[in-house]
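Student: Got my_file_24.txt for you, compact mmCIF, C-alpha atoms and all ligand atoms:
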```txt
# COMPACT_ATOMS: atom_id res chain seq x y z
CA MET A 786 21.12 134.03 109.78
CA VAL A 787 22.44 130.69 108.48
CA LEU A 788 23.88 128.74 111.40
CA PRO A 789 26.34 125.87 111.13
CA GLU A 790 25.02 122.41 111.96
CA HIS A 791 28.39 121.37 113.35
CA ILE A 792 30.80 123.80 114.96
CA ALA A 793 34.29 122.76 116.08
CA VAL A 794 36.64 124.76 118.27
CA ILE A 795 40.39 124.47 118.80
CA MET A 796 40.65 125.95 122.29
CA ASP A 797 44.18 127.32 122.10
CA GLY A 798 45.98 129.85 124.26
CA ASN A 799 45.31 128.77 127.85
CA GLY A 800 49.03 128.55 128.64
CA ARG A 801 49.81 132.02 127.25
CA TRP A 802 46.79 133.48 129.06
CA ALA A 803 48.24 132.24 132.35
CA GLN A 804 51.82 133.27 131.52
CA ARG A 805 50.71 136.84 130.82
CA ARG A 806 49.27 136.96 134.31
CA MET A 807 52.35 135.35 135.87
CA LEU A 808 50.15 132.39 136.82
CA PRO A 809 50.91 128.67 136.43
CA ARG A 810 49.68 127.10 133.17
CA ALA A 811 47.12 125.17 135.19
CA ALA A 812 45.33 128.45 135.96
CA GLY A 813 44.96 128.99 132.22
CA HIS A 814 43.37 125.58 131.77
CA ARG A 815 40.97 126.25 134.64
CA ALA A 816 39.97 129.56 133.05
CA GLY A 817 39.65 127.68 129.74
CA MET A 818 37.27 125.19 131.29
CA LYS A 819 35.06 128.02 132.60
CA ARG A 820 35.02 129.53 129.13
CA MET A 821 34.20 126.18 127.63
CA LEU A 822 31.09 125.95 129.84
CA SER A 823 29.73 129.35 128.83
CA LEU A 824 30.46 128.82 125.14
CA THR A 825 28.83 125.39 124.94
CA GLU A 826 25.74 126.70 126.73
CA HIS A 827 25.61 129.52 124.20
CA ILE A 828 26.15 127.24 121.18
CA PHE A 829 23.37 124.82 122.14
CA GLY A 830 21.17 127.71 123.23
CA LEU A 831 21.34 129.01 119.67
CA GLY A 832 20.08 125.65 118.42
CA ILE A 833 23.35 124.45 116.85
CA PRO A 834 23.04 120.66 117.23
CA TYR A 835 26.68 119.47 117.06
CA CYS A 836 29.75 120.87 118.74
CA THR A 837 33.21 119.31 118.94
CA LEU A 838 35.86 120.81 121.22
CA PHE A 839 39.56 120.01 121.01
CA ALA A 840 40.41 119.46 124.67
CA LEU A 841 43.53 117.31 124.52
CA SER A 842 45.42 116.05 121.50
CA ALA A 843 47.30 112.77 121.33
CA GLU A 844 50.42 114.93 120.96
CA ASN A 845 49.55 117.01 124.07
CA LEU A 846 50.00 113.82 126.07
CA SER A 847 53.76 114.30 125.96
CA ARG A 848 53.51 117.52 128.00
CA PRO A 849 55.10 117.55 131.48
CA LYS A 850 53.41 115.29 134.02
CA GLU A 851 52.46 118.22 136.25
CA GLU A 852 50.43 119.89 133.48
CA LEU A 853 48.87 116.60 132.39
CA ASP A 854 47.81 115.79 135.95
CA GLU A 855 46.03 119.15 136.11
CA LEU A 856 44.29 118.47 132.79
CA PHE A 857 43.22 114.99 133.92
CA GLU A 858 41.87 116.54 137.13
CA LEU A 859 39.87 119.08 135.10
CA ILE A 860 38.52 116.25 132.96
CA ARG A 861 37.49 114.45 136.17
CA ILE A 862 35.75 117.56 137.46
CA TYR A 863 34.03 118.15 134.12
CA PHE A 864 32.79 114.58 133.84
CA THR A 865 31.50 114.50 137.40
CA GLU A 866 29.93 117.96 137.58
CA GLN A 867 28.60 118.48 134.08
CA ILE A 868 26.70 115.26 133.37
CA GLY A 869 23.58 116.45 135.24
CA PRO A 870 23.41 119.86 133.50
CA LEU A 871 24.03 118.26 130.08
CA ARG A 872 21.29 115.70 130.63
CA ARG A 873 18.85 118.37 131.77
CA ALA A 874 19.69 120.43 128.69
CA GLY A 875 19.11 117.39 126.44
CA ILE A 876 22.72 117.30 125.24
CA ALA A 877 24.43 113.97 124.59
CA LEU A 878 28.09 113.78 125.51
CA ARG A 879 30.63 111.76 123.61
CA VAL A 880 34.37 111.56 123.45
CA VAL A 881 36.37 111.28 120.27
CA GLY A 882 39.95 110.12 120.34
CA ASP A 883 41.89 107.26 121.81
CA CYS A 884 41.05 106.96 125.50
CA MET A 885 43.54 104.08 125.79
CA LEU A 886 46.23 106.77 125.81
CA LEU A 887 44.84 108.12 129.09
CA PRO A 888 45.43 106.89 132.66
CA ALA A 889 42.96 104.18 133.71
CA ALA A 890 41.28 106.41 136.35
CA THR A 891 40.61 109.18 133.80
CA ARG A 892 39.32 106.63 131.31
CA LYS A 893 36.92 105.25 133.91
CA VAL A 894 35.50 108.70 134.73
CA ILE A 895 35.05 109.42 131.02
CA GLU A 896 33.37 106.07 130.31
CA GLU A 897 30.94 106.50 133.21
CA GLY A 898 30.13 110.07 132.20
CA VAL A 899 29.56 109.21 128.57
CA ARG A 900 27.37 106.26 129.54
CA ALA A 901 25.24 108.49 131.76
CA ALA A 902 24.83 111.22 129.13
CA SER A 903 24.69 109.25 125.91
CA ASP A 904 21.23 110.44 124.88
CA GLY A 905 20.20 113.95 124.05
CA ALA A 906 17.39 115.19 121.85
CA LYS A 907 18.74 118.73 121.52
CA GLY A 908 22.36 118.20 120.57
CA THR A 909 25.65 116.39 120.84
CA LEU A 910 28.78 117.67 122.48
CA ALA A 911 31.92 115.79 121.46
CA LEU A 912 35.09 116.32 123.43
CA ALA A 913 38.27 115.40 121.61
CA ILE A 914 40.55 113.84 124.22
CA GLY A 915 43.70 111.91 123.29
CA TYR A 916 42.66 112.79 119.76
CA GLY A 917 44.71 112.90 116.58
CA GLY A 918 43.12 113.34 113.16
CA ARG A 919 45.67 111.24 111.29
CA GLN A 920 45.56 108.51 113.94
CA ASP A 921 41.75 108.48 113.70
CA ILE A 922 41.93 108.07 109.92
CA VAL A 923 44.35 105.15 110.22
CA SER A 924 42.20 103.53 112.88
CA ALA A 925 39.07 103.89 110.68
CA ALA A 926 40.95 102.22 107.81
CA GLU A 927 42.07 99.40 110.13
CA LYS A 928 38.50 98.84 111.36
CA LEU A 929 37.16 98.57 107.82
CA ALA A 930 40.00 96.29 106.71
CA GLU A 931 39.52 93.99 109.72
CA ALA A 932 35.79 93.76 108.99
CA GLY A 933 36.52 93.12 105.31
CA ALA A 934 34.11 95.98 104.60
CA GLN A 935 33.91 97.97 101.42
CA ILE A 936 35.67 101.32 101.65
CA THR A 937 33.44 104.15 100.49
CA LEU A 938 33.34 107.76 101.59
CA GLU A 939 30.27 106.95 103.67
CA SER A 940 31.64 103.77 105.33
CA PHE A 941 34.92 105.58 105.99
CA ARG A 942 33.19 108.56 107.56
CA GLU A 943 31.12 106.29 109.78
CA SER A 944 34.23 104.44 110.99
CA LEU A 945 35.89 107.60 112.28
CA SER A 946 35.47 108.33 115.98
CA THR A 947 33.09 111.13 114.93
CA GLY A 948 30.88 108.58 113.09
CA GLY A 949 27.22 109.60 113.16
CA MET A 950 28.04 113.31 113.28
CA PRO A 951 27.76 115.54 110.22
CA ALA A 952 30.83 117.12 108.61
CA VAL A 953 32.18 120.25 110.32
CA ASP A 954 30.69 123.46 108.89
CA LEU A 955 32.59 125.99 110.94
CA LEU A 956 35.97 125.50 112.59
CA ILE A 957 37.17 128.19 114.97
CA ARG A 958 40.70 128.35 116.34
CA THR A 959 41.55 130.79 119.09
CA GLY A 960 45.05 131.80 120.21
CA LYS A 961 46.43 133.42 117.06
CA GLU A 962 47.91 130.33 115.35
CA LYS A 963 46.53 129.54 111.91
CA ARG A 964 46.74 125.80 111.56
CA LEU A 965 44.62 122.69 112.09
CA SER A 966 47.08 120.83 114.34
CA ASN A 967 45.78 117.38 113.39
CA PHE A 968 42.16 118.18 114.36
CA LEU A 969 39.22 116.66 112.46
CA LEU A 970 41.21 116.46 109.21
CA PHE A 971 38.67 114.37 107.30
CA GLU A 972 35.61 115.98 108.85
CA SER A 973 36.75 119.55 108.09
CA ALA A 974 37.31 119.04 104.38
CA TYR A 975 34.83 121.82 103.51
CA ALA A 976 34.68 123.62 106.84
CA GLU A 977 34.81 127.39 106.88
CA LEU A 978 37.77 128.44 109.00
CA VAL A 979 37.73 131.36 111.41
CA PHE A 980 40.87 132.27 113.37
CA SER A 981 40.82 134.52 116.39
CA ASP A 982 43.82 136.25 117.95
CA LYS A 983 42.12 136.03 121.34
CA LEU A 984 43.45 133.48 123.79
CA PHE A 985 40.79 130.88 124.59
CA PRO A 986 39.94 132.09 128.14
CA ASP A 987 39.29 135.56 126.64
CA PHE A 988 37.11 134.32 123.77
CA THR A 989 33.61 135.44 124.74
CA CYS A 990 30.14 134.49 123.52
CA ARG A 991 30.18 137.80 121.59
CA ASP A 992 33.35 136.68 119.81
CA LEU A 993 31.58 133.46 118.95
CA ASP A 994 28.63 135.44 117.59
CA ARG A 995 31.07 137.40 115.39
CA ALA A 996 32.50 134.14 114.04
CA LEU A 997 28.95 132.97 113.32
CA SER A 998 28.16 136.19 111.41
CA GLU A 999 31.36 135.73 109.42
CA TYR A 1000 30.30 132.15 108.67
CA ALA A 1001 26.85 133.29 107.54
CA LYS A 1002 28.48 135.63 105.00
CA ARG A 1003 30.67 132.97 103.43
CA GLU A 1004 29.61 131.45 100.16
CA ARG A 1005 29.99 127.67 100.34
CA ARG A 1006 30.49 126.12 96.94
CA TYR A 1007 32.04 122.74 97.77
CA GLY A 1008 34.27 123.01 94.69
CA LYS A 1009 31.35 123.68 92.37
CA ILE A 1010 30.57 126.80 90.32
CA GLU A 1011 27.31 128.72 90.04
CA THR A 1012 25.36 127.72 86.93
C1 LIG A 1101 45.58 124.47 124.44
O1 LIG A 1101 46.16 125.61 125.03
C2 LIG A 1101 44.63 123.88 125.38
C3 LIG A 1101 44.77 122.64 125.93
C4 LIG A 1101 45.90 121.73 125.62
C5 LIG A 1101 43.80 122.14 126.93
C6 LIG A 1101 42.38 122.60 126.76
C7 LIG A 1101 41.62 122.32 128.00
C8 LIG A 1101 40.56 123.03 128.46
C9 LIG A 1101 39.95 124.14 127.72
C10 LIG A 1101 39.92 122.75 129.78
C11 LIG A 1101 39.70 121.36 130.23
C12 LIG A 1101 39.04 120.44 129.29
C13 LIG A 1101 38.11 119.51 129.63
C14 LIG A 1101 37.63 118.50 128.67
C15 LIG A 1101 37.50 119.48 130.93
P1 LIG A 1101 47.72 125.61 125.32
O2 LIG A 1101 47.95 125.11 126.69
O3 LIG A 1101 48.45 124.86 124.25
O4 LIG A 1101 48.02 127.14 125.23
P2 LIG A 1101 49.34 127.85 124.75
O5 LIG A 1101 49.44 127.62 123.25
O6 LIG A 1101 49.10 129.27 125.07
O7 LIG A 1101 50.49 127.25 125.51
```
Please re-express this file's structure in structure tokens.

Tutor:
Amino acid sequence: MVLPEHIAVIMDGNGRWAQRRMLPRAAGHRAGMKRMLSLTEHIFGLGIPYCTLFALSAENLSRPKEELDELFELIRIYFTEQIGPLRRAGIALRVVGDCMLLPAATRKVIEEGVRAASDGAKGTLALAIGYGGRQDIVSAAEKLAEAGAQITLESFRESLSTGGMPAVDLLIRTGKEKRLSNFLLFESAYAELVFSDKLFPDFTCRDLDRALSEYAKRERRYGKIET
């Protein structure tokens, strides 16, 4: 079966998952983090080398303080507990997005974690935190303009916060909505899109396998025609 080289996931539906169980939204995010761990293990176990997960958008940062504090706490837990397992599995960890939008303590935990797990022969896990696709495009343009560099597709791609990673092949969004929500806009130009009605904490490794089979059936033409 043809596997994607780069899979990206919009992990949507944690809040609704909690609401349906009469639980606080934070419980949905905690269940989402558990799911995130099993899915990433599965993805890299299959030999897919690049995975980007949409954890927190720049726009999400205007959510109520109580919810944000819970998300920052989960980020702290993730970056303290998961560095060892990622290193042992040979997975490099990076963060895409604007960490300057985050509280200093969260930024510090992220920087330390990324420094400790920056190498990995088997794969790269990118977490999008404080991320906005349009913002990232503007910031890439600014970087190139400041450096007086030539703007080409390649130089532009490399100046994005995902620089060094291949384009997204398969983009999955859970949680029923069918939109990109400012995620990897440039990188997903030719991505195959798979939408799942399942809320993220309910999206199992079997659901991921189904999305992969769907991907394998798609014919990717990149705007060309068969000759
Ligand atoms: C979207 O669901 C999800 C988020 C804004 C947060 C995602 C976070 C995690 C999966 C866990 C923690 C992440 C890290 C990096 C440790 P939503 O809250 O918008 O759901 P809703 O649409 O049902 O309200």

Student: Find the spatial neighbours of Gly1008 in chain A, counting all atoms listed in the file, within a cut-off of 12 Å - ignore same-chain residues fewer than 4 positions away - and output them as a list in words.

Tutor: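 What passes the distance filter is Ala974, Tyr975 and Glu1004 of chain A.
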
Student: Convert the current residue selection to file output with C-alpha atoms, as a short mmCIF file (atom, residue, chain, number, x, y, z; two decimals), keeping the file's coordinate frame.

Tutor:
```cif
data_model
loop_
_atom_site.label_atom_id
_atom_site.label_comp_id
_atom_site.auth_asym_id
_atom_site.auth_seq_id
_atom_site.Cartn_x
_atom_site.Cartn_y
_atom_site.Cartn_z
CA ALA A 974 37.31 119.04 104.38
CA TYR A 975 34.83 121.82 103.51
CA GLU A 1004 29.61 131.45 100.16
#
```

Student: Would you pick out the contacts of range 994-1000 of chain A at 9 Å or less, using all atoms listed in the file, so that residues sharing its chain but fewer than 4 positions from it are not included, and give the list as an NGL selection string?

Tutor: :A and (786-789 or 954-955 or 957 or 977-981 or 989-990 or 1004)

Student: Which value, in Å to one decimal, gives the distance between CA of Tyr916 in chain A and CA of Arg1006 in chain A?

Tutor: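 CA of Arg1006 in chain A lies 29.1 Å from CA of Tyr916 in chain A.
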
Student: Tell me which protein, DNA and RNA residues are within 12 Å of Ser940 in chain A, counting only C-alpha atoms, leaving out same-chain ones fewer than 2 positions away, and put them as a ChimeraX atom specification.

Tutor: /A:925-926,928-930,932-938,942-945,948-949

Student: Could you list, as number ranges by chain, every residue within 6 Å of range 874-886 of chain A, counting all atoms listed in the file and ignoring same-chain residues fewer than 5 positions away?

Tutor: A: 899, 902-916, 946

Student: Could you dump the residues just selected with C-alpha atoms as a compact mmCIF listing (two decimals), in the frame of the given file?

Tutor:
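Result file is part29.txt:
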```txt
# COMPACT_ATOMS: atom_id res chain seq x y z
CA VAL A 899 29.56 109.21 128.57
CA ALA A 902 24.83 111.22 129.13
CA SER A 903 24.69 109.25 125.91
CA ASP A 904 21.23 110.44 124.88
CA GLY A 905 20.20 113.95 124.05
CA ALA A 906 17.39 115.19 121.85
CA LYS A 907 18.74 118.73 121.52
CA GLY A 908 22.36 118.20 120.57
CA THR A 909 25.65 116.39 120.84
CA LEU A 910 28.78 117.67 122.48
CA ALA A 911 31.92 115.79 121.46
CA LEU A 912 35.09 116.32 123.43
CA ALA A 913 38.27 115.40 121.61
CA ILE A 914 40.55 113.84 124.22
CA GLY A 915 43.70 111.91 123.29
CA TYR A 916 42.66 112.79 119.76
CA SER A 946 35.47 108.33 115.98
```

Student: Between CA of Asp987 in chain A and CA of Arg801 in chain A, what distance in Å does the model show, to one decimal?

Tutor: 11.1 Å

Student: Which is closest to ligand LIG 1101 (chain A) among A:Glu962, A:Glu939, A:Glu851, A:Glu931, if we use all atoms listed in the file?

Tutor: A:Glu962

Student: From the set A:Lys850, A:His791, A:Lys961, A:Arg873, which residue has the shortest atom-to-atom contact distance to ligand LIG 1101 (chain A), counting all atoms listed in the file?

Tutor: A:Lys961

Student: Check the smallest atom-to-atom distance from each of A:Leu841, A:Val794, A:Ala811, A:Val953 to ligand LIG 1101 (chain A) using only C-alpha atoms and all ligand atoms, then report the winner.

Tutor: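 Comparing A:Leu841, A:Val794, A:Ala811, A:Val953 against ligand LIG 1101 (chain A), the winner is A:Leu841.
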
Student: For CA of Lys1002 in chain A and CA of His827 in chain A, determine how far apart the two atoms are, in Å to one decimal place.

Tutor: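 These atoms are spaced 20.4 Å apart.
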
Student: Which residues are near Gly800 in chain A? Cut-off 9 Å, all atoms listed in the file, ignore same chain within fewer than 4 positions. Put them as a PyMOL selection string.

Tutor: chain A and resi 804-805+809-814+984

Student: Taking all atoms of ligand LIG 1101 (chain A) that the file lists, what box with edges along x, y and z, padded by 4 Å per side, do you get, with centre and edge lengths in Å to one decimal, as AutoDock Vina command-line options?

Tutor:
```
--center_x 44.0 --center_y 123.9 --center_z 127.1 --size_x 21.0 --size_y 18.8 --size_z 15.7
```

Student: Using all atoms listed in the file, which of A:Gly830, A:Gly817, A:Tyr1007, A:Cys836 sits nearest Ile860 in chain A?

Tutor: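 The answer is A:Gly817, which sits nearest to Ile860 in chain A.
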
Student: Using only C-alpha atoms for the distances, tell me which of A:Arg1003, A:Arg861, A:Lys963, A:Lys819 is nearest to Phe985 in chain A.

Tutor: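 Ranking A:Arg1003, A:Arg861, A:Lys963, A:Lys819 by distance to Phe985 in chain A, first place goes to A:Lys819.
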
Student: Using all atoms listed in the file, pick whichever of A:Ile1010, A:Leu856, A:Ile895, A:Ala889 has the shortest atom-to-atom distance to ligand LIG 1101 (chain A).

Tutor: A:Leu856
